[in-house]
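S.K.: This is work_5.cif (mmCIF, C-alpha atoms).
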data_target
#
loop_
_atom_site.label_atom_id
_atom_site.label_comp_id
_atom_site.auth_asym_id
_atom_site.auth_seq_id
_atom_site.Cartn_x
_atom_site.Cartn_y
_atom_site.Cartn_z
CA MET A 25 0.00 0.00 0.00
CA ARG A 26 1.90 3.02 -1.24
CA GLN A 27 -0.87 5.53 -0.70
CA ALA A 28 -0.28 8.42 1.72
CA TRP A 29 -2.60 8.86 4.68
CA THR A 30 -5.25 11.56 4.48
CA VAL A 31 -5.11 14.34 7.08
CA LEU A 32 -8.77 14.96 8.03
CA ALA A 33 -8.12 17.67 10.64
CA SER A 34 -5.14 19.37 12.22
CA GLU A 35 -4.83 21.46 15.39
CA VAL A 36 -1.77 23.17 16.86
CA LEU A 37 -1.77 22.29 20.57
CA PHE A 38 1.51 23.83 21.66
CA ALA A 39 3.71 26.41 19.94
CA ALA A 40 7.05 27.83 21.02
CA PRO A 41 8.44 28.78 17.61
CA PRO A 42 11.07 28.27 16.31
CA TYR A 43 12.00 25.63 18.90
CA VAL A 44 8.99 23.31 19.07
CA VAL A 45 5.44 23.15 17.68
CA VAL A 46 3.12 20.23 18.52
CA THR A 47 0.21 19.50 16.20
CA ARG A 48 -2.49 16.85 16.68
CA GLU A 49 -3.70 15.38 13.42
CA CYS A 50 -6.75 13.29 12.75
CA VAL A 51 -5.73 10.94 9.94
CA ARG A 52 -7.23 8.20 7.80
CA THR A 53 -4.74 5.46 6.92
CA SER A 54 -4.66 3.81 3.52
CA ARG A 55 -6.47 0.88 5.16
CA GLY A 56 -9.33 3.27 6.00
CA VAL A 57 -8.70 3.35 9.76
CA GLU A 58 -9.22 6.74 11.41
CA VAL A 59 -6.78 7.80 14.14
CA ASP A 60 -7.72 11.01 15.92
CA ASP A 61 -4.58 11.66 17.96
CA PHE A 62 -1.56 11.34 15.72
CA TYR A 63 1.00 13.88 17.00
CA ARG A 64 3.42 15.81 14.85
CA VAL A 65 6.33 17.56 16.56
CA ASP A 66 8.12 20.18 14.46
CA LEU A 67 11.64 21.10 15.53
CA PRO A 68 13.98 23.46 13.65
CA ASN A 69 15.45 22.10 10.42
CA PHE A 70 19.22 21.80 10.41
CA VAL A 71 22.34 20.88 8.48
CA VAL A 72 25.21 18.68 9.60
CA CYS A 73 28.56 18.26 7.87
CA VAL A 74 31.48 15.82 8.17
CA PRO A 75 34.51 17.89 7.07
CA GLN A 76 37.69 16.24 5.80
CA THR A 77 40.96 18.16 5.48
CA SER A 78 43.25 17.73 2.46
CA ASN A 79 45.44 15.32 4.46
CA GLY A 80 42.52 13.09 5.40
CA GLU A 81 41.81 14.21 8.95
CA ILE A 82 38.22 14.84 10.08
CA VAL A 83 37.29 18.10 11.82
CA THR A 84 35.27 17.28 14.95
CA LEU A 85 33.75 19.30 17.77
CA TRP A 86 33.72 18.32 21.42
CA SER A 87 31.25 20.00 23.75
CA TYR A 88 28.54 19.48 26.32
CA LYS A 89 25.07 18.91 24.83
CA HIS A 90 22.04 19.28 27.04
CA GLY A 91 19.85 16.88 24.98
CA PRO A 92 21.87 13.79 25.93
CA ARG A 93 23.08 15.50 29.15
CA ARG A 94 26.70 14.80 28.32
CA TRP A 95 29.92 15.93 26.74
CA GLY A 96 30.95 14.28 23.49
CA LEU A 97 31.76 14.41 19.80
CA SER A 98 29.64 16.09 17.16
CA PHE A 99 30.24 17.37 13.66
CA PRO A 100 29.62 20.99 12.62
CA ALA A 101 25.85 21.54 12.53
CA GLY A 102 23.24 24.20 13.00
CA PHE A 103 19.78 25.46 12.19
CA LEU A 104 18.90 26.90 8.81
CA ALA A 105 18.36 30.65 8.86
CA GLN A 106 15.04 31.73 7.33
CA GLU A 107 14.92 30.97 3.60
CA GLU A 108 18.54 29.83 3.66
CA ALA A 109 19.40 26.95 1.30
CA PRO A 110 20.90 23.87 3.01
CA GLU A 111 24.22 24.13 1.16
CA ALA A 112 24.62 27.81 2.15
CA ALA A 113 23.77 26.97 5.79
CA CYS A 114 26.32 24.17 5.70
CA ARG A 115 29.11 26.45 4.46
CA ARG A 116 28.17 29.12 7.03
CA GLU A 117 28.06 26.71 9.99
CA LEU A 118 31.31 25.05 8.93
CA VAL A 119 33.33 28.27 9.01
CA GLU A 120 31.52 29.67 12.09
CA GLU A 121 32.03 26.56 14.19
CA THR A 122 35.45 25.39 13.00
CA GLY A 123 37.12 28.18 11.00
CA TYR A 124 37.41 25.80 8.03
CA THR A 125 36.02 26.25 4.52
CA ALA A 126 35.34 23.42 2.08
CA THR A 127 36.48 23.16 -1.52
CA GLU A 128 33.74 20.62 -2.29
CA LEU A 129 30.45 19.86 -0.52
CA LEU A 130 28.80 16.46 -1.06
CA HIS A 131 25.10 16.14 -0.24
CA LEU A 132 24.50 12.84 1.59
CA GLY A 133 20.71 13.04 1.83
CA ALA A 134 17.85 14.62 3.76
CA PHE A 135 16.14 12.69 6.57
CA VAL A 136 13.48 13.36 9.18
CA ASP A 137 14.14 12.42 12.81
CA ASN A 138 11.18 10.19 13.46
CA GLY A 139 8.85 7.92 11.49
CA ASN A 140 5.80 9.02 13.46
CA GLN A 141 6.28 12.52 14.92
CA ARG A 142 8.65 13.75 12.23
CA GLY A 143 10.82 16.10 14.37
CA SER A 144 13.29 18.10 12.29
CA LEU A 145 14.41 17.64 8.71
CA GLY A 146 18.18 17.39 8.51
CA ASN A 147 20.31 17.87 5.41
CA TYR A 148 23.49 15.81 5.70
CA PHE A 149 26.79 16.72 4.00
CA ALA A 150 30.42 15.73 3.73
CA ALA A 151 33.03 18.38 2.87
CA ARG A 152 36.27 17.59 1.06
CA ASP A 153 39.62 19.35 1.04
CA CYS A 154 38.80 21.70 3.95
CA LYS A 155 41.23 24.51 4.83
CA LEU A 156 41.57 26.59 8.01
CA VAL A 157 40.88 30.23 7.12
CA ALA A 158 39.45 31.85 10.27
CA THR A 159 39.05 31.64 14.03
CA PRO A 160 35.87 29.78 15.10
CA ALA A 161 33.11 32.03 16.45
CA SER A 162 30.04 29.86 16.87
CA GLY A 163 28.15 32.10 19.29
CA ASP A 164 27.03 28.93 21.06
CA HIS A 165 26.00 28.70 24.71
CA GLU A 166 28.84 26.31 25.34
CA GLU A 167 32.58 26.18 24.83
CA ILE A 168 33.43 24.00 21.84
CA GLU A 169 36.79 22.35 21.29
CA VAL A 170 37.80 21.78 17.65
CA ARG A 171 39.76 18.54 17.29
CA LEU A 172 41.28 16.92 14.17
CA MET A 173 40.78 13.15 14.32
CA SER A 174 41.52 10.15 12.14
CA PRO A 175 38.59 7.98 10.97
CA HIS A 176 39.84 5.21 13.30
CA GLU A 177 39.79 7.57 16.28
CA ILE A 178 36.18 8.53 15.43
CA ASP A 179 35.20 4.83 15.26
CA CYS A 180 36.75 4.37 18.71
CA ALA A 181 34.82 7.39 20.07
CA LEU A 182 31.61 5.92 18.62
CA SER A 183 32.27 2.53 20.23
CA ALA A 184 33.03 4.23 23.54
CA GLY A 185 29.63 5.97 23.52
CA ASP A 186 31.15 9.42 22.93
CA ILE A 187 28.85 10.30 19.98
CA PRO A 188 25.58 10.55 21.93
CA VAL A 189 23.28 12.11 19.27
CA VAL A 190 21.98 10.00 16.39
CA HIS A 191 22.24 12.78 13.76
CA HIS A 192 26.03 12.63 14.10
CA VAL A 193 26.11 8.83 14.11
CA ALA A 194 24.14 8.82 10.85
CA ALA A 195 26.31 11.58 9.35
CA TRP A 196 29.44 9.57 10.12
CA GLY A 197 28.03 6.39 8.56
CA LEU A 198 26.99 8.23 5.40
CA ALA A 199 30.28 10.15 5.12
CA ARG A 200 32.44 7.04 5.63
CA THR A 201 30.76 5.39 2.67
CA ARG A 202 30.81 8.50 0.48
CA LEU A 203 34.38 9.49 1.27
CA GLY A 204 35.54 5.87 0.96
CA LEU A 205 36.89 5.69 4.53
CA MET B 20 34.35 22.54 29.74
CA ARG B 21 33.08 19.06 30.59
CA GLN B 22 30.70 20.18 33.32
CA ALA B 23 26.98 19.50 32.85
CA TRP B 24 24.53 22.39 32.87
CA THR B 25 22.51 22.98 36.02
CA VAL B 26 18.73 22.77 35.70
CA LEU B 27 17.41 25.64 37.87
CA ALA B 28 13.70 25.07 37.17
CA SER B 29 11.56 22.77 35.07
CA GLU B 30 7.92 23.03 34.00
CA VAL B 31 5.85 20.61 31.89
CA LEU B 32 4.04 22.78 29.32
CA PHE B 33 2.37 20.09 27.21
CA ALA B 34 1.73 16.43 27.96
CA ALA B 35 0.15 13.76 25.76
CA PRO B 36 1.80 10.69 27.27
CA PRO B 37 3.20 8.36 26.06
CA TYR B 38 3.50 10.14 22.70
CA VAL B 39 4.94 13.56 23.52
CA VAL B 40 5.76 15.64 26.60
CA VAL B 41 7.23 19.16 26.29
CA THR B 42 9.14 20.59 29.26
CA ARG B 43 10.63 24.09 29.54
CA GLU B 44 13.82 24.17 31.54
CA CYS B 45 15.63 27.13 32.99
CA VAL B 46 19.31 26.17 32.85
CA ARG B 47 22.67 27.61 33.82
CA THR B 48 25.45 26.66 31.41
CA SER B 49 28.95 25.79 32.57
CA ARG B 50 29.93 29.32 31.46
CA GLY B 51 27.42 30.70 33.99
CA VAL B 52 24.91 31.93 31.40
CA GLU B 53 21.24 31.48 32.37
CA VAL B 54 18.78 30.42 29.65
CA ASP B 55 15.15 30.44 30.74
CA ASP B 56 13.51 28.72 27.76
CA PHE B 57 15.42 25.57 26.90
CA TYR B 58 12.85 23.06 25.64
CA ARG B 59 12.99 19.34 26.19
CA VAL B 60 10.72 17.12 24.06
CA ASP B 61 10.27 13.56 25.32
CA LEU B 62 9.10 11.00 22.77
CA PRO B 63 8.73 7.24 23.43
CA ASN B 64 11.98 5.30 23.70
CA PHE B 65 12.44 2.63 21.05
CA VAL B 66 14.60 -0.17 19.69
CA VAL B 67 15.67 -0.73 16.09
CA CYS B 68 17.34 -3.83 14.69
CA VAL B 69 19.15 -4.69 11.43
CA PRO B 70 18.51 -8.45 11.03
CA GLN B 71 20.78 -10.63 8.88
CA THR B 72 19.77 -14.14 7.79
CA SER B 73 22.23 -17.04 7.84
CA ASN B 74 22.83 -16.60 4.09
CA GLY B 75 23.69 -12.90 4.44
CA GLU B 76 20.45 -11.24 3.37
CA ILE B 77 19.02 -8.36 5.37
CA VAL B 78 15.37 -8.41 6.50
CA THR B 79 13.79 -5.04 5.62
CA LEU B 80 10.30 -3.57 5.93
CA TRP B 81 8.61 -1.38 3.35
CA SER B 82 5.67 0.76 4.42
CA TYR B 83 4.16 4.23 4.49
CA LYS B 84 5.38 6.37 7.41
CA HIS B 85 3.43 9.48 8.30
CA GLY B 86 6.46 11.31 9.86
CA PRO B 87 8.25 11.72 6.51
CA ARG B 88 4.93 11.52 4.61
CA ARG B 89 6.20 8.77 2.36
CA TRP B 90 6.62 5.09 1.67
CA GLY B 91 10.06 3.58 2.12
CA LEU B 92 12.46 1.19 3.80
CA SER B 93 12.84 0.75 7.53
CA PHE B 94 14.26 -1.95 9.77
CA PRO B 95 12.21 -3.70 12.47
CA ALA B 96 11.63 -1.20 15.28
CA GLY B 97 9.18 -0.31 18.00
CA PHE B 98 8.58 1.29 21.35
CA LEU B 99 9.69 -0.33 24.58
CA ALA B 100 6.84 -1.67 26.67
CA GLN B 101 6.83 -0.44 30.26
CA GLU B 102 9.89 -1.72 32.18
CA GLU B 103 10.91 -3.85 29.18
CA ALA B 104 14.67 -4.21 28.66
CA PRO B 105 15.92 -3.06 25.22
CA GLU B 106 17.17 -6.52 24.21
CA ALA B 107 13.79 -8.12 25.08
CA ALA B 108 11.94 -5.39 23.15
CA CYS B 109 14.24 -5.99 20.18
CA ARG B 110 13.54 -9.74 20.11
CA ARG B 111 9.79 -9.11 20.51
CA GLU B 112 9.61 -6.51 17.73
CA LEU B 113 11.75 -8.62 15.40
CA VAL B 114 9.42 -11.63 15.53
CA GLU B 115 6.22 -9.52 15.58
CA GLU B 116 7.16 -7.44 12.55
CA THR B 117 9.04 -9.97 10.43
CA GLY B 118 8.39 -13.49 11.78
CA TYR B 119 12.16 -13.95 12.23
CA THR B 120 14.07 -14.76 15.42
CA ALA B 121 17.76 -14.04 15.98
CA THR B 122 20.42 -16.44 17.21
CA GLU B 123 22.64 -13.56 18.28
CA LEU B 124 21.84 -9.91 19.07
CA LEU B 125 24.63 -7.32 18.90
CA HIS B 126 24.10 -4.02 20.72
CA LEU B 127 25.29 -1.14 18.52
CA GLY B 128 24.75 1.70 20.98
CA ALA B 129 22.12 3.98 22.50
CA PHE B 130 21.59 7.48 21.10
CA VAL B 131 19.19 10.37 21.66
CA ASP B 132 17.51 12.01 18.67
CA ASN B 133 18.55 15.58 19.21
CA GLY B 134 21.41 17.49 20.83
CA ASN B 135 19.10 20.15 22.25
CA GLN B 136 15.55 18.80 22.70
CA ARG B 137 16.58 15.18 23.26
CA GLY B 138 13.53 13.46 21.68
CA SER B 139 13.56 9.69 22.18
CA LEU B 140 16.37 7.41 23.33
CA GLY B 141 16.92 4.61 20.80
CA ASN B 142 18.76 1.37 21.44
CA TYR B 143 20.29 0.11 18.18
CA PHE B 144 20.95 -3.58 17.42
CA ALA B 145 22.09 -5.94 14.68
CA ALA B 146 20.85 -9.54 14.70
CA ARG B 147 22.85 -12.44 13.24
CA ASP B 148 21.74 -15.78 11.84
CA CYS B 149 18.01 -14.93 11.78
CA LYS B 150 15.48 -17.66 10.97
CA LEU B 151 11.85 -17.45 9.85
CA VAL B 152 9.67 -19.07 12.53
CA ALA B 153 6.28 -17.31 12.38
CA THR B 154 3.90 -15.14 10.36
CA PRO B 155 4.39 -11.39 10.98
CA ALA B 156 1.65 -9.77 13.09
CA SER B 157 2.80 -6.27 13.87
CA GLY B 158 -0.60 -4.81 14.76
CA ASP B 159 0.55 -1.64 13.00
CA HIS B 160 -1.76 0.96 11.44
CA GLU B 161 -0.24 0.25 8.06
CA GLU B 162 0.42 -2.70 5.81
CA ILE B 163 4.06 -3.68 5.96
CA GLU B 164 5.89 -5.65 3.28
CA VAL B 165 8.79 -7.82 4.47
CA ARG B 166 11.56 -7.91 1.87
CA LEU B 167 14.93 -9.72 1.93
CA MET B 168 17.62 -7.49 0.41
CA SER B 169 21.35 -7.61 -0.18
CA PRO B 170 23.57 -4.95 1.43
CA HIS B 171 24.16 -3.48 -2.04
CA GLU B 172 20.43 -3.18 -2.67
CA ILE B 173 20.04 -1.34 0.66
CA ASP B 174 22.84 1.07 -0.28
CA CYS B 175 21.00 1.75 -3.55
CA ALA B 176 17.72 2.38 -1.66
CA LEU B 177 19.57 4.80 0.63
CA SER B 178 21.07 6.69 -2.33
CA ALA B 179 17.64 6.84 -3.98
CA GLY B 180 16.13 8.54 -0.90
CA ASP B 181 14.06 5.48 0.05
CA ILE B 182 15.22 5.40 3.70
CA PRO B 183 13.55 8.63 4.86
CA VAL B 184 14.01 8.37 8.66
CA VAL B 185 17.42 8.99 10.22
CA HIS B 186 17.11 6.24 12.88
CA HIS B 187 17.23 3.64 10.10
CA VAL B 188 20.06 5.41 8.27
CA ALA B 189 22.11 5.37 11.48
CA ALA B 190 21.19 1.74 12.19
CA TRP B 191 22.38 0.71 8.74
CA GLY B 192 25.70 2.57 9.10
CA LEU B 193 26.34 0.98 12.50
CA ALA B 194 25.31 -2.51 11.37
CA ARG B 195 27.43 -2.40 8.20
CA THR B 196 30.52 -1.75 10.28
CA ARG B 197 29.66 -4.30 12.98
CA LEU B 198 28.62 -7.07 10.59
CA GLY B 199 31.60 -6.33 8.32
CA LEU B 200 29.42 -5.59 5.26
#
Go ahead and render the structure in this file as structure tokens.
M.R.:
Amino acid sequence: MRQAWTVLASEVLFAAPPYVVVTRECVRTSRGVEVDDFYRVDLPNFVVCVPQTSNGEIVTLWSYKHGPRRWGLSFPAGFLAQEEAPEAACRRELVEETGYTATELLHLGAFVDNGNQRGSLGNYFAARDCKLVATPASGDHEEIEVRLMSPHEIDCALSAGDIPVVHHVAAWGLARTRLGL
Amino acid sequence: MRQAWTVLASEVLFAAPPYVVVTRECVRTSRGVEVDDFYRVDLPNFVVCVPQTSNGEIVTLWSYKHGPRRWGLSFPAGFLAQEEAPEAACRRELVEETGYTATELLHLGAFVDNGNQRGSLGNYFAARDCKLVATPASGDHEEIEVRLMSPHEIDCALSAGDIPVVHHVAAWGLARTRLGL
């Protein structure tokens, strides 16, 4: 059954834009079943990027994240500004957070967070032949440490539980394949 | 700065358990900055499993998902029942959704959805040497097609945009490495 569900009614129940908006939908499935409390949770759309330098190192960030309540590894990432294209947001976040610019950006796909509630839409990138051109100035709430790591060191961090957020786990899996690591 | 933020106050603003609970936290970062509207969004915790048969095929599910508003590939997955351990939930979902049981389960990690709002906590597994023992009976809203695929066919589906939810993209990346695919 490839047919999309029909949305019969939709009501915003909670709104704190741009951070979180909760909508209750009444839907009819392709089997004809009506469900009157299917929740959609909209979070800000974002980009994430796995940057590789010309000598094969990966640019990583280490910081505390309040979502998982822990310190760990992430890749450069951030919300899209209004009407900003994903590739432009990716280039902006990369230089803001790391001071690096990319010669070549590779789009790895766009994925929602959750099969039911949707969450955010993320655009995933890898960046090749990155060069340090500036001092990082992310404007983040938290201190961020920029660290150059080998692919093997990132695999070890992943095994040790030091990549606590699934967006970055997915980005690494996609980038490894695309960059041939 | 490896120090966790301090939660100064916490208020539940929207609750539709078990589907979604929104909490506003007032936090103090390790830099001493106070933020009075940091949102936490709790969604149901889940398991996801990449099952491999004894002849190396991967058991996949194809269905419509309302989160991404499209039909596509996912791996067996589901919410944890109350007080159910992740490994038990994984074995239960695997047989319910596919009719297969696993000889060996490999834990690939536990990850939250989102670095800021948290979302759900997912436990990710691969299953080795799976055998068909029953007829699937997922009780899902939607018809689900069970399809045996080669790793190469899954990579092609991923490139074609047919794995629309990031949990399954991450699961595939983790399983490929762990199963040596």
S.K.: List, as JSON, numbers by chain, every residue that the PyMOL selection byres ((chain B and resi 124-128) around 8) selects in the file provided.
M.R.: {"A": [183, 185], "B": [106, 121, 122, 123, 129, 130, 142, 143, 144, 145, 146, 147, 193, 194, 197]}
S.K.: One decimal, Å: what's the distance from CA of Phe99 in chain A over to CA of Glu166 in chain A, could you say?
M.R.: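 Separation of CA of Phe99 in chain A and CA of Glu166 in chain A: 14.8 Å.
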S.K.: Would you please work out which residue, of B:Ile173, B:Leu140, B:Ala153, B:Leu113, is nearest to chain A when using only C-alpha atoms?
M.R.: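 Among B:Ile173, B:Leu140, B:Ala153, B:Leu113, it is B:Leu140 that comes nearest to chain A.
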S.K.: Find the residues in chain A near chain B: any atom within 7 Å counts, using only C-alpha atoms. Write them as JSON, numbers by chain.
M.R.: {"A": [25, 26, 28, 38, 53, 55, 88, 89, 90, 91, 92, 93, 94, 95, 133, 135, 136, 137, 138, 139, 140, 141, 142, 166, 167, 185, 188, 189, 190, 191, 193, 194, 197, 198]}
S.K.: Quick check, in Å to one decimal: how far apart do CA of Thr122 in chain A and CA of Asp66 in chain A lie?
M.R.: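 Taking CA of Thr122 in chain A and CA of Asp66 in chain A, their separation equals 27.9 Å.
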S.K.: Leaving out Cys109 in chain B and any residue of its chain fewer than 6 positions from it, which residues lie within 8 Å of it when counting only C-alpha atoms, given as a PyMOL selection string?
M.R.: chain B and resi 66-68+96-97+144
S.K.: When you draw a straight line from CA of Phe103 in chain A to CA of Glu120 in chain A, how long is it in Å?
M.R.: 12.5 Å
S.K.: Applied to this file, what does the PyMOL selection byres ((chain B and resi 120) around 7) return in terms of residues, put as a ChimeraX atom specification?
M.R.: /B:110,113-114,118-119,121-122,149-152
